[in-house]
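Text of protein20.txt, listed as compact mmCIF, C-alpha atoms:
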```
# COMPACT_ATOMS: atom_id res chain seq x y z
CA MET A 1 96.12 113.74 50.96
CA GLN A 2 95.86 110.62 48.84
CA VAL A 3 95.99 107.15 50.41
CA SER A 4 96.19 103.74 48.77
CA LEU A 5 96.14 100.53 50.80
CA GLU A 6 97.45 97.04 49.99
CA THR A 7 97.06 93.80 51.95
CA THR A 8 100.49 92.16 51.87
CA GLY A 9 99.84 89.48 54.49
CA SER A 10 97.10 88.19 56.75
CA LEU A 11 97.82 91.04 59.17
CA GLU A 12 100.34 93.18 57.28
CA ARG A 13 99.25 96.30 55.43
CA ARG A 14 101.19 98.51 53.01
CA MET A 15 99.89 102.06 52.79
CA THR A 16 101.13 104.63 50.28
CA VAL A 17 100.49 108.23 51.30
CA GLU A 18 100.92 111.34 49.12
CA ILE A 19 100.91 114.81 50.69
CA PRO A 20 100.45 117.91 48.49
CA ALA A 21 103.54 120.11 48.22
CA GLU A 22 101.43 123.10 49.29
CA ARG A 23 100.89 121.56 52.75
CA ILE A 24 104.63 121.09 53.24
CA THR A 25 105.50 124.56 51.95
CA ALA A 26 102.92 126.23 54.18
CA ALA A 27 104.18 124.36 57.24
CA VAL A 28 107.79 125.28 56.46
CA GLU A 29 106.92 128.96 56.00
CA GLN A 30 104.93 129.07 59.21
CA LYS A 31 107.78 127.52 61.16
CA LEU A 32 110.34 129.91 59.66
CA GLN A 33 108.17 132.90 60.55
CA ASP A 34 107.84 131.65 64.11
CA MET A 35 111.62 131.25 64.29
CA SER A 36 112.27 134.75 63.00
CA ARG A 37 110.50 136.18 66.05
CA ARG A 38 112.66 134.35 68.58
CA VAL A 39 115.89 133.20 66.91
CA LYS A 40 119.16 134.93 67.76
CA VAL A 41 121.43 135.85 64.85
CA SER A 42 124.59 137.94 65.22
CA GLY A 43 124.08 141.47 63.86
CA PHE A 44 120.31 141.55 64.34
CA ARG A 45 118.17 142.47 67.33
CA PRO A 46 116.00 139.66 68.77
CA GLY A 47 112.70 139.49 66.89
CA LYS A 48 114.06 141.59 64.01
CA VAL A 49 115.86 138.91 62.00
CA PRO A 50 114.72 139.12 58.34
CA LEU A 51 112.79 136.10 57.11
CA GLY A 52 115.25 135.69 54.22
CA VAL A 53 118.15 135.34 56.63
CA VAL A 54 116.26 132.80 58.73
CA ARG A 55 115.37 130.85 55.58
CA GLN A 56 119.01 130.83 54.44
CA ARG A 57 120.34 129.78 57.86
CA PHE A 58 117.68 127.28 58.92
CA GLY A 59 115.60 126.44 55.84
CA LYS A 60 117.08 122.99 55.21
CA GLN A 61 116.80 121.98 58.88
CA VAL A 62 113.21 123.21 59.14
CA PHE A 63 112.26 121.38 55.92
CA GLN A 64 113.55 118.08 57.36
CA GLU A 65 111.69 118.67 60.64
CA VAL A 66 108.44 119.43 58.81
CA ILE A 67 108.82 116.31 56.66
CA ALA A 68 109.25 114.13 59.78
CA ASP A 69 106.32 115.78 61.60
CA THR A 70 104.09 115.55 58.54
CA MET A 71 104.78 111.86 57.96
CA TYR A 72 103.93 111.12 61.60
CA SER A 73 100.74 113.21 61.68
CA SER A 74 99.53 112.17 58.23
CA TYR A 75 100.08 108.51 59.06
CA ARG A 76 97.67 108.88 61.98
CA GLU A 77 95.19 110.72 59.74
CA ALA A 78 95.42 108.01 57.08
CA VAL A 79 94.89 105.24 59.61
CA LEU A 80 91.73 106.93 60.88
CA GLN A 81 90.58 107.59 57.33
CA GLU A 82 90.96 103.92 56.40
CA LYS A 83 89.47 102.78 59.73
CA LEU A 84 92.49 100.64 60.61
CA ARG A 85 93.74 99.41 64.01
CA PRO A 86 97.55 99.29 63.75
CA ALA A 87 99.39 96.91 66.05
CA GLY A 88 102.77 98.36 66.90
CA SER A 89 104.71 101.10 65.14
CA PRO A 90 104.89 101.41 61.34
CA ARG A 91 107.99 101.06 59.18
CA ILE A 92 108.04 104.24 57.09
CA GLU A 93 109.94 104.46 53.80
CA PRO A 94 110.08 107.91 52.12
CA LEU A 95 109.76 107.73 48.32
CA ASN A 96 109.88 111.39 47.33
CA VAL A 97 111.20 114.07 49.68
CA LYS A 98 112.02 117.11 47.55
CA ILE A 99 111.32 120.80 48.00
CA ASN A 100 108.24 122.04 46.11
CA GLN A 101 107.18 118.47 45.26
CA ASN A 102 104.51 116.24 46.74
CA LEU A 103 105.73 114.18 49.70
CA THR A 104 105.25 110.46 49.12
CA TYR A 105 106.01 107.65 51.55
CA ILE A 106 105.09 104.04 52.25
CA ALA A 107 104.04 102.90 55.73
CA THR A 108 104.16 99.16 56.40
CA PHE A 109 102.52 97.89 59.56
CA GLU A 110 100.41 95.16 61.09
CA VAL A 111 96.81 95.41 62.21
CA TYR A 112 95.04 93.69 65.09
CA PRO A 113 93.41 90.38 64.09
CA GLU A 114 89.67 89.95 63.69
CA MET A 115 88.64 88.11 66.83
CA ASN A 116 85.52 85.98 66.95
CA LEU A 117 85.58 84.98 70.59
CA ALA A 118 84.04 81.75 71.82
CA ASP A 119 80.72 81.95 73.65
CA ILE A 120 81.71 82.49 77.30
CA SER A 121 78.47 80.96 78.59
CA LYS A 122 79.49 77.62 77.03
CA LEU A 123 82.92 77.51 78.67
CA GLU A 124 83.36 75.12 81.59
CA ILE A 125 85.82 76.42 84.16
CA GLN A 126 87.15 74.63 87.23
CA VAL A 127 87.02 76.58 90.49
CA ALA A 128 88.80 75.68 93.71
CA ASP A 129 86.81 73.98 96.48
CA VAL A 130 89.02 73.96 99.58
CA GLU A 131 88.84 74.97 103.22
CA VAL A 132 91.40 75.29 106.00
CA ALA A 133 91.39 72.02 108.00
CA ALA A 134 92.55 71.36 111.56
CA SER A 135 95.54 69.46 110.16
CA ASP A 136 96.58 72.57 108.21
CA ILE A 137 96.60 74.61 111.42
CA ASN A 138 98.65 71.93 113.18
CA ASN A 139 101.10 71.86 110.28
CA MET A 140 101.52 75.61 110.54
CA LEU A 141 102.09 75.29 114.27
CA ASP A 142 104.81 72.75 113.54
CA LYS A 143 106.42 75.21 111.11
CA LEU A 144 106.45 77.86 113.84
CA ARG A 145 108.10 75.39 116.16
CA ALA A 146 110.66 74.65 113.44
CA GLN A 147 111.43 78.38 113.22
CA LYS A 148 112.33 78.28 116.90
CA THR A 149 114.49 75.18 116.58
CA ARG A 150 117.36 75.01 119.05
CA TRP A 151 120.47 74.10 117.06
CA LYS A 152 123.48 72.26 118.47
CA GLU A 153 126.66 71.46 116.57
CA VAL A 154 127.37 67.73 116.09
CA ASP A 155 130.44 65.80 114.94
CA ARG A 156 128.99 63.30 112.48
CA GLU A 157 127.68 62.95 108.93
CA ALA A 158 124.81 65.20 107.92
CA ASN A 159 121.36 63.59 107.90
CA LYS A 160 117.83 64.69 107.09
CA ASN A 161 116.64 67.66 109.22
CA ASP A 162 120.22 68.64 110.08
CA ARG A 163 121.37 72.18 109.32
CA VAL A 164 124.48 72.35 107.16
CA THR A 165 126.37 75.65 106.91
CA LEU A 166 128.63 75.89 103.86
CA ASP A 167 130.48 78.12 101.42
CA PHE A 168 129.75 77.44 97.76
CA LYS A 169 130.84 78.80 94.41
CA GLY A 170 129.21 77.92 91.11
CA THR A 171 130.46 78.39 87.55
CA ILE A 172 129.00 77.76 84.11
CA GLU A 173 131.58 77.07 81.42
CA GLY A 174 134.20 78.48 83.78
CA GLU A 175 132.36 81.77 84.44
CA THR A 176 130.59 82.81 87.66
CA PHE A 177 126.93 83.81 87.47
CA PRO A 178 124.54 85.93 89.60
CA GLY A 179 123.43 84.06 92.73
CA GLY A 180 125.91 81.25 92.14
CA SER A 181 128.14 81.93 95.13
CA ASN A 182 127.62 82.41 98.86
CA ASP A 183 129.49 82.12 102.16
CA ASN A 184 128.21 80.77 105.48
CA PHE A 185 125.02 79.65 103.78
CA PRO A 186 122.72 77.54 106.02
CA VAL A 187 120.46 74.87 104.56
CA ILE A 188 118.24 72.39 106.41
CA LEU A 189 118.33 69.01 104.69
CA GLY A 190 114.87 67.99 103.56
CA SER A 191 113.54 71.56 103.46
CA ASN A 192 113.62 71.61 99.63
CA THR A 193 114.94 75.16 99.61
CA LEU A 194 117.64 74.30 97.07
CA ILE A 195 117.60 72.50 93.75
CA PRO A 196 117.15 68.77 94.62
CA GLU A 197 120.36 67.82 92.79
CA PHE A 198 122.33 70.27 94.96
CA GLU A 199 120.71 69.27 98.26
CA GLU A 200 121.26 65.56 97.62
CA GLN A 201 125.02 66.20 97.54
CA LEU A 202 124.91 67.44 101.15
CA TYR A 203 123.68 64.20 102.71
CA GLY A 204 126.55 62.41 104.42
CA VAL A 205 129.00 65.34 104.38
CA ARG A 206 131.12 66.13 107.45
CA LYS A 207 132.56 69.34 108.88
CA ASN A 208 135.51 70.79 106.85
CA GLU A 209 134.74 68.48 103.92
CA GLU A 210 135.24 69.89 100.42
CA LYS A 211 133.70 68.53 97.25
CA SER A 212 132.56 69.58 93.80
CA PHE A 213 129.68 68.38 91.64
CA ASP A 214 127.53 69.34 88.65
CA VAL A 215 123.94 70.55 88.88
CA THR A 216 121.54 71.10 85.97
CA PHE A 217 119.02 73.85 86.52
CA PRO A 218 115.40 72.77 85.81
CA LYS A 219 113.68 74.08 82.68
CA ASP A 220 111.20 76.09 84.77
CA TYR A 221 113.90 77.68 86.95
CA ALA A 222 112.94 81.19 88.14
CA GLN A 223 116.04 82.75 86.54
CA GLN A 224 115.28 81.81 82.94
CA GLN A 225 118.80 82.65 81.77
CA LEU A 226 120.00 79.66 83.85
CA ALA A 227 117.24 77.21 82.92
CA LYS A 228 118.52 73.85 81.63
CA LYS A 229 122.16 74.95 82.01
CA THR A 230 124.67 72.84 83.93
CA ALA A 231 126.75 74.49 86.66
CA THR A 232 129.74 73.14 88.55
CA PHE A 233 129.66 73.87 92.28
CA ALA A 234 132.59 73.70 94.70
CA ILE A 235 131.57 73.59 98.38
CA HIS A 236 133.27 73.77 101.76
CA VAL A 237 131.27 72.49 104.76
CA LYS A 238 131.64 74.83 107.76
CA MET A 239 129.34 73.23 110.33
CA ILE A 240 126.70 70.55 110.91
CA GLU A 241 123.99 71.03 113.52
CA SER A 242 121.18 68.91 114.91
CA GLY A 243 117.90 70.60 115.88
CA GLU A 244 115.46 70.19 118.76
CA LEU A 245 111.88 71.50 118.45
CA PRO A 246 110.44 73.46 121.39
CA ASP A 247 107.20 72.32 123.04
CA PRO A 248 104.14 74.49 122.23
CA ASP A 249 103.91 75.61 125.85
CA GLU A 250 102.94 78.97 127.36
CA ALA A 251 106.39 80.49 126.92
CA PHE A 252 106.48 79.43 123.26
CA VAL A 253 103.02 80.88 122.55
CA LYS A 254 103.88 84.21 124.17
CA GLU A 255 106.81 84.61 121.76
CA PHE A 256 104.21 85.24 119.05
CA GLY A 257 102.47 88.02 120.92
CA ILE A 258 99.69 85.90 122.45
CA GLU A 259 99.47 87.40 125.93
CA ASP A 260 97.34 84.64 127.51
CA GLY A 261 99.89 82.03 126.41
CA ASN A 262 97.07 79.73 125.28
CA VAL A 263 97.92 77.53 122.32
CA ASP A 264 94.25 77.53 121.23
CA THR A 265 94.39 81.32 120.89
CA LEU A 266 97.48 80.96 118.72
CA LYS A 267 95.70 78.34 116.60
CA GLU A 268 92.74 80.67 116.11
CA GLN A 269 95.09 83.40 114.91
CA LEU A 270 96.81 80.94 112.60
CA LYS A 271 93.44 79.93 111.11
CA ASN A 272 92.60 83.57 110.37
CA ASN A 273 95.94 84.02 108.63
CA LEU A 274 95.54 80.81 106.63
CA ASP A 275 92.02 81.83 105.59
CA ILE A 276 93.38 85.10 104.20
CA GLU A 277 96.15 83.28 102.34
CA LEU A 278 93.71 80.67 101.04
CA THR A 279 91.38 83.35 99.69
CA GLN A 280 94.23 84.77 97.61
CA ARG A 281 95.32 81.33 96.38
CA LYS A 282 91.77 80.37 95.38
CA LYS A 283 91.53 83.64 93.48
CA ALA A 284 94.81 82.85 91.71
CA PHE A 285 93.69 79.29 90.92
CA ASN A 286 90.38 80.45 89.47
CA LYS A 287 92.12 83.14 87.42
CA ASP A 288 94.58 80.59 86.05
CA GLN A 289 91.72 78.30 85.03
CA VAL A 290 89.90 81.17 83.30
CA MET A 291 93.03 82.08 81.36
CA ARG A 292 93.64 78.47 80.33
CA ARG A 293 90.09 78.08 79.03
CA LEU A 294 90.15 81.41 77.19
CA LEU A 295 93.39 80.45 75.46
CA ALA A 296 92.14 76.98 74.54
CA ALA A 297 88.82 78.30 73.20
CA ASN A 298 90.16 81.16 71.07
CA GLU A 299 92.65 80.87 68.25
CA PHE A 300 93.86 83.77 66.11
CA GLU A 301 97.05 85.08 64.55
CA ILE A 302 99.20 87.31 66.74
CA PRO A 303 100.82 90.41 65.20
CA HIS A 304 104.55 89.78 64.97
CA SER A 305 105.34 93.28 66.24
CA LEU A 306 103.37 92.72 69.46
CA LEU A 307 105.02 89.34 69.98
CA GLN A 308 108.50 90.80 69.55
CA ARG A 309 107.72 93.62 71.95
CA GLU A 310 106.66 91.12 74.62
CA ILE A 311 109.74 88.96 74.01
CA GLN A 312 111.95 92.00 74.52
CA ALA A 313 110.10 92.92 77.72
CA LEU A 314 110.59 89.40 79.09
CA ARG A 315 114.26 89.44 78.11
CA GLU A 316 114.83 92.74 79.91
CA GLN A 317 113.01 91.41 82.96
CA ALA A 318 115.12 88.26 82.99
CA THR A 319 118.41 90.12 82.61
CA THR A 320 117.81 92.94 85.09
CA GLY A 321 121.03 93.40 87.03
CA VAL A 322 123.00 91.15 84.67
CA LYS A 323 126.19 92.76 83.38
CA THR A 324 127.94 90.31 81.05
CA LYS A 325 127.16 90.41 77.36
CA HIS A 326 126.89 86.61 77.26
CA GLU A 327 124.01 86.67 79.74
CA THR A 328 122.06 89.56 78.19
CA GLU A 329 122.06 88.17 74.63
CA LEU A 330 119.37 85.59 75.30
CA PRO A 331 117.64 84.10 72.22
CA ASP A 332 114.02 84.89 71.34
CA THR A 333 113.16 81.19 71.52
CA MET A 334 113.74 81.26 75.29
CA PHE A 335 110.79 83.63 75.72
CA ALA A 336 108.63 82.86 72.68
CA GLU A 337 106.12 80.55 74.37
CA GLN A 338 105.53 82.80 77.37
CA ALA A 339 105.36 85.88 75.14
CA LYS A 340 102.76 84.22 72.91
CA ARG A 341 100.62 83.33 75.92
CA ARG A 342 100.81 86.80 77.44
CA THR A 343 100.16 88.58 74.15
CA SER A 344 97.22 86.32 73.28
CA LEU A 345 95.64 86.79 76.70
CA GLY A 346 96.12 90.55 76.48
CA LEU A 347 94.24 90.64 73.18
CA ILE A 348 91.47 88.36 74.45
CA ILE A 349 91.00 90.32 77.66
CA GLY A 350 90.93 93.60 75.75
CA GLU A 351 88.33 92.25 73.33
CA ILE A 352 86.11 90.89 76.12
CA ALA A 353 86.28 94.24 77.93
CA HIS A 354 85.46 96.11 74.70
CA LEU A 355 82.56 93.89 73.60
CA ASN A 356 80.96 93.78 77.04
CA LYS A 357 81.64 97.42 77.93
CA ILE A 358 83.62 96.51 81.07
CA LYS A 359 84.91 99.83 82.42
CA LEU A 360 87.96 100.18 84.61
CA ASP A 361 87.01 100.46 88.29
CA ASN A 362 89.13 103.38 89.51
CA GLN A 363 88.30 102.61 93.13
CA LYS A 364 89.86 99.17 92.77
CA VAL A 365 92.92 100.80 91.21
CA ASN A 366 93.26 103.12 94.20
CA ASP A 367 92.69 100.26 96.65
CA HIS A 368 95.41 98.21 94.94
CA ILE A 369 97.89 101.09 95.13
CA ASN A 370 97.00 101.68 98.79
CA THR A 371 97.65 98.01 99.51
CA ILE A 372 101.08 98.22 97.90
CA ALA A 373 101.88 101.47 99.70
CA SER A 374 100.77 100.19 103.11
CA GLY A 375 103.62 97.68 103.11
CA CYS A 376 106.27 100.35 102.49
CA ALA A 377 108.15 102.63 104.87
CA LYS A 378 106.87 105.80 103.14
CA PRO A 379 103.36 105.06 101.78
CA GLU A 380 102.78 108.59 100.52
CA ASP A 381 105.92 108.45 98.36
CA VAL A 382 104.72 105.21 96.78
CA MET A 383 101.29 106.64 96.04
CA GLN A 384 102.86 109.78 94.56
CA HIS A 385 105.05 107.59 92.35
CA TYR A 386 101.99 106.00 90.77
CA ARG A 387 100.14 109.30 90.47
CA SER A 388 103.04 110.93 88.61
CA ASN A 389 104.26 107.95 86.58
CA ARG A 390 101.88 107.10 83.74
CA GLN A 391 103.66 103.86 82.88
CA ALA A 392 103.54 102.62 86.46
CA MET A 393 99.86 103.56 86.76
CA ALA A 394 99.10 101.79 83.47
CA SER A 395 100.59 98.56 84.84
CA ILE A 396 98.23 98.70 87.84
CA GLU A 397 95.26 99.52 85.62
CA SER A 398 96.09 96.52 83.46
CA ILE A 399 96.12 94.24 86.52
CA ILE A 400 92.75 95.55 87.72
CA MET A 401 91.13 95.30 84.30
CA GLU A 402 92.37 91.71 84.03
CA GLU A 403 90.80 90.94 87.42
CA GLN A 404 87.52 92.55 86.37
CA VAL A 405 87.39 90.50 83.17
CA VAL A 406 88.14 87.30 85.12
CA GLU A 407 85.27 88.10 87.51
CA TRP A 408 82.96 88.76 84.57
CA VAL A 409 83.92 85.50 82.85
CA LEU A 410 83.37 83.52 86.06
CA GLY A 411 79.94 85.09 86.32
CA GLN A 412 79.02 83.99 82.77
CA ALA A 413 80.71 80.59 82.38
CA ARG A 414 79.73 77.20 83.79
CA LYS A 415 81.74 76.50 86.93
CA THR A 416 82.83 73.06 88.10
CA PRO A 417 84.16 72.81 91.69
CA VAL A 418 87.38 70.80 92.06
CA SER A 419 88.31 69.49 95.52
CA LEU A 420 91.82 70.41 96.69
CA THR A 421 93.73 70.30 99.93
CA PHE A 422 95.25 73.41 101.45
CA ASP A 423 98.79 72.17 100.73
CA GLU A 424 97.92 71.36 97.12
CA ILE A 425 96.65 74.82 96.28
CA ILE A 426 99.36 76.59 98.29
CA ASN A 427 102.12 74.73 96.43
CA MET A 428 100.65 75.21 92.95
CA ARG A 429 102.53 77.41 90.51
CA PHE A 430 100.43 79.72 88.35
```
Written as structure tokens, that's how I'd like the structure from this file.
Amino acid sequence: MQVSLETTGSLERRMTVEIPAERITAAVEQKLQDMSRRVKVSGFRPGKVPLGVVRQRFGKQVFQEVIADTMYSSYREAVLQEKLRPAGSPRIEPLNVKINQNLTYIATFEVYPEMNLADISKLEIQVADVEVAASDINNMLDKLRAQKTRWKEVDREANKNDRVTLDFKGTIEGETFPGGSNDNFPVILGSNTLIPEFEEQLYGVRKNEEKSFDVTFPKDYAQQQLAKKTATFAIHVKMIESGELPDPDEAFVKEFGIEDGNVDTLKEQLKNNLDIELTQRKKAFNKDQVMRRLLAANEFEIPHSLLQREIQALREQATTGVKTKHETELPDTMFAEQAKRRTSLGLIIGEIAHLNKIKLDNQKVNDHINTIASGCAKPEDVMQHYRSNRQAMASIESIIMEEQVVEWVLGQARKTPVSLTFDEIINMRF
């Protein structure tokens, strides 16, 4: 096998491979002989079909199969021979594919960039410094009281803290969209559960009122296919209710499973829950800061093939469940920035793990799967899903390796505590 390599771009390589005709011929003959022992041909007993008949019937098909197999296997051999690290799949162009002649083809592909990572020990990373305060516990108690609000219908205009029940239907350029319509939908004014533009339109409405208005979805809207688009909503107000909060008395406390009915016992339980939530949020904050610093400190070219693969993955994720062609044909530009960030971080994390010999902790993988399974009705089915699905298991392994690298970086870098309140870190978006 002869291989010649050209550099046609900073990351693109063009490799010409020539395979001796003898290798192709031998592979074809071997495959035909194997077929003659099992192929069924009318007029011959199984296993007794003459090789000449098999060659006449299947020779052309077998030749094409051998050519395809040989190009795939020889490409891998050539890559190893030239000590290359291809990024993505190659584009293969056959040049000479004739019987009894050398097979020649060109493989064009990208390679991973050379990465000279910044010195981790010189990175300064902010870490969250926050504790659960008494005011946070009281705020949570107030939220529990709000959950038990006693609602009473009123005949007046809707004000802050009122509950408005409505039907709504939204359209974009005259077409409905997923999640844009609902009936008997309750919203508490001031709860910020809806887009601010939408909620503002509900102040001052009365029962049986109908109105329509335009709302522009924010650029960071969760459903990216709707981001920055303007929708027209038509609403019908069904009911307006005023709420009364219950006192945190013994009866109220017992509703949450606190047998002694003591509000202090409830507060202690709330603190434990908030501490658990805070631990996870601090972990997320610190991880976000690590990722930001790694991105800022390391610049390199990203293989186009990897970037396109990530864009497609994000597009599929954004359009899951979407049926109309208009909504599934989302432009690359919508996902380019996020795809670049994710691809860059994936390369950086992989390089850090490789250079510092960070091995995947299988126990953490199992613990993560057990945590997921414990919240499901049939935990064993969930665990079996991951054991039998390599792609699903790979996604968990990727998460754990990312966490391990973040822990390693935090152990090497200079850390600067940043004071935050519980509400600040809980409401942050990472």
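Of the listed residues A:Asn208, A:Thr108, A:Gln338, A:Asn427, the one whose atoms come nearest to Ser89 in chain A is A:Thr108, with distances taken using only C-alpha atoms.
Taking CA of Phe213 in chain A as the reference point, CA of Pro331 in chain A is found at 27.7 Å.
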*Need the neighbours of (132.3, 78.3, 94.4): which residues are at most 6 Å away, counting all atoms listed in the file, as a ChimeraX atom specification?*
/A:168-170,181,233-234
Let's have the selection written as a PDB file, in the frame of the given file, with C-alpha atoms.
```pdb
ATOM      1  CA  PHE A 168     129.750  77.440  97.760  1.00  0.00           C
ATOM      2  CA  LYS A 169     130.840  78.800  94.410  1.00  0.00           C
ATOM      3  CA  GLY A 170     129.210  77.920  91.110  1.00  0.00           C
ATOM      4  CA  SER A 181     128.140  81.930  95.130  1.00  0.00           C
ATOM      5  CA  PHE A 233     129.660  73.870  92.280  1.00  0.00           C
ATOM      6  CA  ALA A 234     132.590  73.700  94.700  1.00  0.00           C
TER       7      ALA A 234
END
```
*Close residues, range 365-382 of chain A itself excluded, 7 Å, all atoms listed in the file, min 3 positions apart in chain, as a PyMOL selection string*: chain A and resi 361-362+385-386+396-397+400
*Could you pull out every residue with an atom within 12 Å of (97.2, 84.4, 75.9), file coordinates, counting all atoms listed in the file, and send them as number ranges by chain?*
A: 288, 290-302, 307, 310, 336-350, 402
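Across the model, the gap from CA of Glu197 in chain A to CA of Phe430 in chain A is 23.6 Å.
When all atoms listed in the file are used to compute distances to Leu270 in chain A, the closest of the residues A:Asn138, A:Asn192, A:Ser42, A:Gln61 turns out to be A:Asn138.
Here CA of Leu84 in chain A and CA of Phe109 in chain A stand 10.5 Å from one another.
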Can I get a file of range 320-367 of chain A from the given structure, C-alpha atoms kept, as a CSV table (one decimal), in the first residue's frame?
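Contents of part.csv, freshly written:
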```csv
chain,number,residue,atom,x,y,z
A,320,THR,CA,-37.6,17.3,18.8
A,321,GLY,CA,-41.4,16.8,18.5
A,322,VAL,CA,-41.7,19.5,15.9
A,323,LYS,CA,-43.5,18.4,12.7
A,324,THR,CA,-43.7,21.3,10.3
A,325,LYS,CA,-40.9,21.7,7.7
A,326,HIS,CA,-40.7,25.4,8.5
A,327,GLU,CA,-39.8,24.8,12.1
A,328,THR,CA,-37.2,22.0,11.4
A,329,GLU,CA,-35.2,23.9,8.8
A,330,LEU,CA,-33.4,26.1,11.3
A,331,PRO,CA,-30.3,27.9,10.0
A,332,ASP,CA,-26.8,26.9,11.2
A,333,THR,CA,-26.2,30.5,12.5
A,334,MET,CA,-28.9,29.9,15.2
A,335,PHE,CA,-26.7,27.2,16.8
A,336,ALA,CA,-23.2,28.3,15.7
A,337,GLU,CA,-22.1,30.1,18.9
A,338,GLN,CA,-23.3,27.4,21.3
A,339,ALA,CA,-21.8,24.6,19.0
A,340,LYS,CA,-18.4,26.4,19.0
A,341,ARG,CA,-18.4,26.6,22.8
A,342,ARG,CA,-19.4,23.0,23.3
A,343,THR,CA,-17.0,21.7,20.7
A,344,SER,CA,-14.1,23.8,22.1
A,345,LEU,CA,-14.7,22.7,25.6
A,346,GLY,CA,-14.9,19.1,24.5
A,347,LEU,CA,-11.5,19.3,22.9
A,348,ILE,CA,-10.0,21.1,25.9
A,349,ILE,CA,-11.4,18.7,28.4
A,350,GLY,CA,-10.2,15.7,26.4
A,351,GLU,CA,-6.7,17.2,26.1
A,352,ILE,CA,-6.5,17.9,29.9
A,353,ALA,CA,-7.6,14.4,30.7
A,354,HIS,CA,-5.1,13.0,28.2
A,355,LEU,CA,-2.1,15.1,29.3
A,356,ASN,CA,-2.8,14.5,33.0
A,357,LYS,CA,-3.8,10.9,32.7
A,358,ILE,CA,-7.2,11.5,34.3
A,359,LYS,CA,-9.0,8.1,34.1
A,360,LEU,CA,-12.7,7.7,34.1
A,361,ASP,CA,-14.0,6.8,37.5
A,362,ASN,CA,-16.4,3.9,36.8
A,363,GLN,CA,-17.8,4.1,40.4
A,364,LYS,CA,-19.0,7.6,39.8
A,365,VAL,CA,-20.6,6.5,36.5
A,366,ASN,CA,-22.5,3.8,38.3
A,367,ASP,CA,-23.5,6.2,41.1
```
